file protein_3.txt (compact mmCIF, C-alpha atoms)
# COMPACT_ATOMS: atom_id res chain seq x y z
CA MET A 1385 78.25 69.54 122.96
CA PRO A 1386 81.91 68.90 123.73
CA LEU A 1387 81.33 68.34 127.48
CA TYR A 1388 78.43 66.28 128.84
CA ARG A 1389 77.36 64.29 131.89
CA ASP A 1390 75.29 61.13 132.30
CA GLU A 1391 74.65 58.06 134.41
CA ALA A 1392 76.17 54.90 132.96
CA VAL A 1393 76.73 51.20 133.58
CA VAL A 1394 80.20 49.90 132.72
CA LEU A 1395 79.85 46.98 130.32
CA ARG A 1396 83.49 46.16 129.63
CA THR A 1397 86.97 47.62 129.61
CA HIS A 1398 90.25 46.91 127.88
CA LYS A 1399 93.75 48.23 128.24
CA LEU A 1400 95.09 51.11 126.20
CA GLY A 1401 98.78 51.91 126.39
CA GLU A 1402 100.54 51.65 129.74
CA ALA A 1403 98.05 53.36 132.05
CA ASP A 1404 94.78 54.00 130.21
CA ARG A 1405 91.65 51.99 129.49
CA ILE A 1406 88.90 52.13 126.92
CA VAL A 1407 85.60 51.86 128.77
CA THR A 1408 82.38 50.78 127.08
CA MET A 1409 79.27 51.97 128.92
CA LEU A 1410 75.51 52.01 128.49
CA SER A 1411 74.24 55.40 129.59
CA ARG A 1412 70.81 56.63 130.56
CA ARG A 1413 70.47 59.40 127.95
CA HIS A 1414 73.29 58.94 125.42
CA GLY A 1415 73.04 55.23 124.65
CA LYS A 1416 76.26 53.26 124.33
CA ILE A 1417 79.45 55.24 124.92
CA ARG A 1418 83.06 54.25 124.26
CA ALA A 1419 85.50 56.49 126.08
CA VAL A 1420 89.13 56.67 127.15
CA ALA A 1421 89.76 56.79 130.89
CA LYS A 1422 93.26 58.15 131.20
CA GLY A 1423 95.58 56.96 133.93
CA VAL A 1424 93.02 54.67 135.57
CA ARG A 1425 95.44 51.75 135.79
CA ARG A 1426 97.78 53.72 138.01
CA THR A 1427 97.42 53.08 141.74
CA ALA A 1428 97.02 56.81 142.35
CA SER A 1429 94.04 57.08 139.99
CA LYS A 1430 91.10 58.88 141.57
CA PHE A 1431 88.38 57.01 139.70
CA GLY A 1432 89.84 53.78 138.37
CA ALA A 1433 87.81 51.58 140.74
CA ARG A 1434 84.62 53.41 139.72
CA LEU A 1435 84.98 52.31 136.10
CA GLU A 1436 84.96 48.54 136.45
CA PRO A 1437 82.38 46.20 134.88
CA PHE A 1438 78.95 46.11 136.61
CA MET A 1439 79.54 49.53 138.23
CA VAL A 1440 77.03 52.37 137.87
CA ALA A 1441 78.63 55.80 137.80
CA ASP A 1442 77.85 59.45 137.25
CA VAL A 1443 80.38 60.31 134.56
CA GLN A 1444 81.46 63.51 132.90
CA LEU A 1445 82.92 63.13 129.43
CA TYR A 1446 84.51 65.23 126.75
CA GLU A 1447 83.23 64.43 123.29
CA GLY A 1448 85.86 63.26 120.79
CA ARG A 1449 85.89 62.26 117.14
CA SER A 1450 86.01 58.50 117.63
CA LEU A 1451 86.33 58.07 121.39
CA ASP A 1452 85.14 60.35 124.16
CA THR A 1453 87.27 61.03 127.24
CA VAL A 1454 86.18 60.49 130.84
CA THR A 1455 87.04 63.56 132.91
CA GLN A 1456 85.13 62.71 136.12
CA ALA A 1457 83.45 59.65 137.61
CA GLU A 1458 81.44 59.33 140.80
CA SER A 1459 80.14 55.97 141.97
CA LEU A 1460 76.37 55.57 142.15
CA ALA A 1461 76.21 51.82 142.77
CA SER A 1462 79.01 49.31 143.27
CA TYR A 1463 77.52 45.99 142.23
CA GLY A 1464 80.74 44.34 141.12
CA ALA A 1465 82.07 43.17 144.49
CA GLU A 1466 78.78 41.57 145.56
CA ILE A 1467 78.24 39.88 142.20
CA ALA A 1468 81.78 38.50 142.14
CA THR A 1469 81.23 36.55 145.39
CA ASP A 1470 78.91 34.10 143.61
CA TYR A 1471 80.04 32.21 140.50
CA ALA A 1472 76.51 31.70 139.18
CA GLY A 1473 75.72 35.37 139.69
CA TYR A 1474 78.98 36.48 138.11
CA THR A 1475 78.53 34.39 134.95
CA ALA A 1476 74.92 35.57 134.65
CA ALA A 1477 76.08 39.19 134.97
CA CYS A 1478 78.72 38.66 132.28
CA ALA A 1479 76.06 37.33 129.89
CA ILE A 1480 73.78 40.24 130.75
CA VAL A 1481 76.34 42.98 130.05
CA GLU A 1482 77.50 41.23 126.87
CA THR A 1483 73.88 41.19 125.68
CA ALA A 1484 73.47 44.86 126.59
CA ASP A 1485 76.62 45.66 124.63
CA ARG A 1486 75.37 43.78 121.57
CA LEU A 1487 71.87 45.23 121.66
CA SER A 1488 72.76 48.85 122.33
CA ASP A 1489 74.04 51.72 120.25
CA ALA A 1490 74.17 55.50 120.52
CA ASP A 1491 70.37 55.70 120.21
CA SER A 1492 69.48 53.05 122.78
CA SER A 1493 66.42 53.75 124.89
CA VAL A 1494 66.34 54.57 128.56
CA GLN A 1495 64.34 51.35 129.05
CA GLN A 1496 67.41 49.28 128.14
CA TYR A 1497 69.47 51.20 130.68
CA LEU A 1498 66.91 50.82 133.47
CA LEU A 1499 66.43 47.11 132.74
CA LEU A 1500 70.19 46.53 132.90
CA VAL A 1501 70.57 48.41 136.20
CA GLY A 1502 67.67 46.47 137.69
CA ALA A 1503 69.12 43.11 136.68
CA LEU A 1504 72.56 43.88 138.11
CA ARG A 1505 71.04 45.23 141.32
CA SER A 1506 69.00 42.07 141.77
CA LEU A 1507 72.07 39.88 141.17
CA SER A 1508 74.15 41.86 143.67
CA ARG A 1509 71.47 41.48 146.33
CA HIS A 1510 71.02 37.74 145.63
CA GLU A 1511 67.28 38.34 145.51
CA ARG A 1512 66.46 35.52 143.11
CA PRO A 1513 68.18 32.58 141.36
CA PRO A 1514 70.73 34.09 138.94
CA GLY A 1515 69.50 31.97 136.05
CA LEU A 1516 65.97 33.33 136.35
CA ILE A 1517 67.27 36.90 136.49
CA LEU A 1518 69.36 36.27 133.38
CA ASP A 1519 66.54 34.61 131.44
CA SER A 1520 64.07 37.36 132.34
CA TYR A 1521 66.58 40.03 131.35
CA LEU A 1522 67.24 38.39 127.98
CA LEU A 1523 63.56 38.15 127.08
CA ARG A 1524 62.77 41.69 128.17
CA ALA A 1525 65.86 43.24 126.56
CA LEU A 1526 65.03 41.54 123.25
CA SER A 1527 61.45 42.77 123.53
CA ILE A 1528 62.59 46.36 124.03
CA ALA A 1529 64.83 45.94 120.99
CA GLY A 1530 61.81 44.92 118.89
CA TRP A 1531 61.98 41.11 119.09
CA ALA A 1532 59.26 40.33 121.60
CA PRO A 1533 58.48 36.60 121.47
CA SER A 1534 54.95 35.22 121.54
CA PHE A 1535 54.23 32.49 124.07
CA VAL A 1536 50.43 32.31 123.66
CA ASP A 1537 49.07 33.43 120.27
CA CYS A 1538 50.53 32.25 116.96
CA ALA A 1539 53.48 34.42 115.99
CA VAL A 1540 52.70 33.93 112.28
CA THR A 1541 48.91 34.06 111.93
CA GLY A 1542 47.91 35.67 115.21
CA ALA A 1543 45.54 32.77 115.91
CA PRO A 1544 44.59 32.76 119.61
CA GLY A 1545 46.48 30.27 121.71
CA PRO A 1546 47.66 28.52 123.61
CA HIS A 1547 49.97 26.89 121.05
CA ARG A 1548 52.80 24.54 121.90
CA ALA A 1549 54.97 24.46 118.77
CA PHE A 1550 57.91 26.84 119.23
CA VAL A 1551 59.96 28.12 116.28
CA VAL A 1552 62.80 30.51 117.06
CA GLN A 1553 62.98 31.84 113.51
CA LEU A 1554 59.25 32.65 113.44
CA GLY A 1555 59.17 34.57 116.70
CA GLY A 1556 57.71 32.16 119.23
CA VAL A 1557 54.85 29.68 119.38
CA VAL A 1558 52.96 28.94 116.18
CA ALA A 1559 49.77 27.12 115.25
CA ASP A 1560 50.19 23.49 114.20
CA GLU A 1561 49.14 24.22 110.61
CA VAL A 1562 52.09 26.59 110.06
CA ALA A 1563 54.67 24.74 112.17
CA PRO A 1564 57.51 23.23 110.09
CA PRO A 1565 57.90 19.43 110.26
CA GLY A 1566 59.75 18.30 113.34
CA THR A 1567 59.06 21.50 115.33
CA PRO A 1568 59.54 20.85 119.06
CA ARG A 1569 56.54 21.20 121.37
CA LEU A 1570 56.81 22.89 124.74
CA ASP A 1571 54.79 21.70 127.70
CA GLU A 1572 52.33 23.95 129.50
CA GLN A 1573 54.62 24.50 132.50
CA THR A 1574 57.48 25.74 130.30
CA LEU A 1575 55.22 28.13 128.40
CA THR A 1576 53.87 29.46 131.70
CA LEU A 1577 57.40 30.06 132.97
CA LEU A 1578 58.46 31.78 129.74
CA GLY A 1579 55.47 34.10 129.97
CA ALA A 1580 56.23 34.83 133.62
CA LEU A 1581 59.86 35.69 132.88
CA LEU A 1582 58.80 38.00 130.06
CA THR A 1583 56.34 39.90 132.25
CA GLY A 1584 58.34 39.83 135.49
CA ASP A 1585 55.91 37.55 137.35
CA TRP A 1586 58.42 36.36 139.93
CA VAL A 1587 55.93 34.45 142.09
CA THR A 1588 55.17 32.13 139.17
CA ALA A 1589 58.80 32.01 138.00
CA GLU A 1590 60.21 31.04 141.38
CA ALA A 1591 57.56 28.36 141.86
CA SER A 1592 58.72 26.55 138.70
CA ALA A 1593 60.35 23.14 138.77
CA GLU A 1594 63.94 22.25 137.89
CA GLY A 1595 63.17 20.58 134.58
CA THR A 1596 60.91 23.43 133.54
CA ARG A 1597 63.66 25.99 134.15
CA ALA A 1598 66.10 23.91 132.14
CA GLN A 1599 63.80 23.72 129.13
CA ALA A 1600 62.89 27.41 129.33
CA GLY A 1601 66.55 28.37 129.61
CA GLY A 1602 67.40 26.44 126.45
CA VAL A 1603 64.57 28.10 124.54
CA ILE A 1604 65.67 31.58 125.69
CA ALA A 1605 69.33 30.93 124.85
CA ALA A 1606 68.39 29.80 121.33
CA TYR A 1607 66.04 32.74 120.81
CA THR A 1608 68.63 35.24 122.03
CA GLN A 1609 71.50 33.92 119.96
CA TYR A 1610 69.35 33.73 116.83
CA HIS A 1611 68.41 37.41 117.05
CA LEU A 1612 71.92 38.54 117.96
CA GLU A 1613 73.10 36.61 114.86
CA ARG A 1614 76.05 35.05 116.63
CA GLY A 1615 76.64 33.29 119.92
CA LEU A 1616 77.11 35.01 123.24
CA ARG A 1617 80.54 34.01 124.49
CA SER A 1618 79.54 34.54 128.12
CA LEU A 1619 76.49 32.30 127.87
CA GLN A 1620 78.59 29.14 127.53
CA HIS A 1621 80.06 29.82 130.98
CA VAL A 1622 76.71 30.21 132.73
CA ASP A 1623 76.31 27.45 135.28
CA PRO A 1624 73.27 25.36 134.22
CA ALA A 1625 72.62 24.61 137.88
CA ALA A 1626 72.01 28.30 138.49
CA ARG A 1627 68.56 27.92 136.97
CA HIS A 1628 67.73 25.10 139.32
CA ASP A 1629 69.09 26.23 142.71
CA ALA A 1630 65.78 27.41 144.13
CA ALA A 1631 63.87 24.44 142.80
CA GLN A 1632 66.33 22.05 144.41
CA SER A 1633 66.12 23.89 147.71
CA GLU A 1634 62.33 23.76 147.67
CA SER A 1635 62.34 20.03 146.94
CA GLY A 1636 64.91 19.34 149.64
CA ALA A 1637 67.58 18.23 147.17
call {"tool": "encode", "arguments": {"input": "protein_3.txt", "output": "structure tokens"}}
result
Amino acid sequence: MPLYRDEAVVLRTHKLGEADRIVTMLSRRHGKIRAVAKGVRRTASKFGARLEPFMVADVQLYEGRSLDTVTQAESLASYGAEIATDYAGYTAACAIVETADRLSDADSSVQQYLLLVGALRSLSRHERPPGLILDSYLLRALSIAGWAPSFVDCAVTGAPGPHRAFVVQLGGVVADEVAPPGTPRLDEQTLTLLGALLTGDWVTAEASAEGTRAQAGGVIAAYTQYHLERGLRSLQHVDPAARHDAAQSESGA
């Protein structure tokens, strides 16, 4: 099929030659796509602004041997401008699209696409603290990819929980009898928040305290980077305070 059309989120771009760009996108039906957008860096380009990171576009592409070519692009949602107004939201969005890029390939599921669009939409609308949106996205994206963590039953034996020992390498909480020496224990509030972020229980997530969000965020970062096998560059720029903004506001801080 030399010519095809799909909805896609722009994950990243980089320059090619004097006027072109290579655009990496996660599409609804064709997984991850890398394509050349010719002439988009010229001021007269008809669709250059529609192919920026965090944008959702209806794109038409011509299939190539190594890179496809974008022939048309119509904007479906312009999240970039709204996200860029808030540093915490912007850094969270950067970590989200980097994760999507690392997790996806040509066979990626539509669930990954829909989860990504939902996360960026929520960031652009400032609906919830950016750190909670990021942490929920990371857990759910990893679950779709086959690395769902356990926050209740033992990830090794299946023994009913709750368990408090958390081992990244073993897939979540484990029973005390199989926990390696020195395994950290998570408190009940952190485990509750982690479960809420995994299932999208925003009432519980937004009611969490500052310290709880900090501990949960560290657990999620470690779990994500272990399964991606190398660090997320964007994650080091995420503002730690982003996870605590709502909690501080609620406490009058």
call {"tool": "closest_residue", "arguments": {"input": "protein_3.txt", "among": "A:Ser1508, A:Thr1483, A:Ser1462, A:Ser1488", "to": "A:Tyr1521", "atoms": "all atoms listed in the file"}}
result
A:Thr1483
call {"tool": "residues_around", "arguments": {"input": "protein_3.txt", "residues": "A:Thr1397", "least_positions_apart": "3", "cutoff": "8 Å", "atoms": "all atoms listed in the file", "output": "list in words"}}
result
Val1394, Arg1405, Ile1406, Val1407, Thr1408, Glu1436 and Pro1437 of chain A
call {"tool": "atom_distance", "arguments": {"input": "protein_3.txt", "atom1": "atom CA of A:Val1494", "atom2": "atom CA of A:Asp1585"}}
result
21.8 Å
call {"tool": "closest_residue", "arguments": {"input": "protein_3.txt", "among": "A:Val1622, A:Ala1593, A:Val1440, A:Val1557", "to": "A:Leu1518", "atoms": "only C-alpha atoms"}}
result
A:Val1622
call {"tool": "closest_residue", "arguments": {"input": "protein_3.txt", "among": "A:Val1454, A:Val1558, A:Leu1616, A:Leu1498", "to": "A:Pro1533", "atoms": "all atoms listed in the file"}}
result
A:Val1558
call {"tool": "closest_atom_pairs", "arguments": {"input": "protein_3.txt", "of": "stretch 1480-1511 of chain A", "to": "stretch 1608-1611 of chain A", "cutoff": "12 Å", "atoms": "all atoms listed in the file", "output": "CSV"}}
result
residue,atom,partner,partner_atom,distance
A:Ile1480,CA,A:Thr1608,CA,11.3
A:Glu1482,CA,A:Gln1609,CA,11.7
A:Thr1483,CA,A:Thr1608,CA,8.7
A:Ala1484,CA,A:Thr1608,CA,11.7
A:Arg1486,CA,A:His1611,CA,10.5
A:Leu1487,CA,A:His1611,CA,9.7
call {"tool": "closest_atom_pairs", "arguments": {"input": "protein_3.txt", "of": "stretch 1438-1519 of chain A", "to": "stretch 1568-1580 of chain A", "cutoff": "12 Å", "atoms": "all atoms listed in the file", "output": "tab-separated table"}}
result
residue	atom	partner	partner_atom	distance
A:Leu1516	CA	A:Leu1577	CA	9.8
A:Ile1517	CA	A:Ala1580	CA	11.6
A:Asp1519	CA	A:Leu1578	CA	8.7
call {"tool": "write_last_selection", "arguments": {"input": "protein_3.txt", "atoms": "C-alpha atoms", "output": "PDB file, keeping the file's coordinate frame"}}
result
ATOM      1  CA  LEU A1516      65.970  33.330 136.350  1.00  0.00           C
ATOM      2  CA  ILE A1517      67.270  36.900 136.490  1.00  0.00           C
ATOM      3  CA  ASP A1519      66.540  34.610 131.440  1.00  0.00           C
TER       4      ASP A1519
END
call {"tool": "atom_distance", "arguments": {"input": "protein_3.txt", "atom1": "atom CA of A:Glu1466", "atom2": "atom CA of A:Lys1430"}}
result
21.6 Å
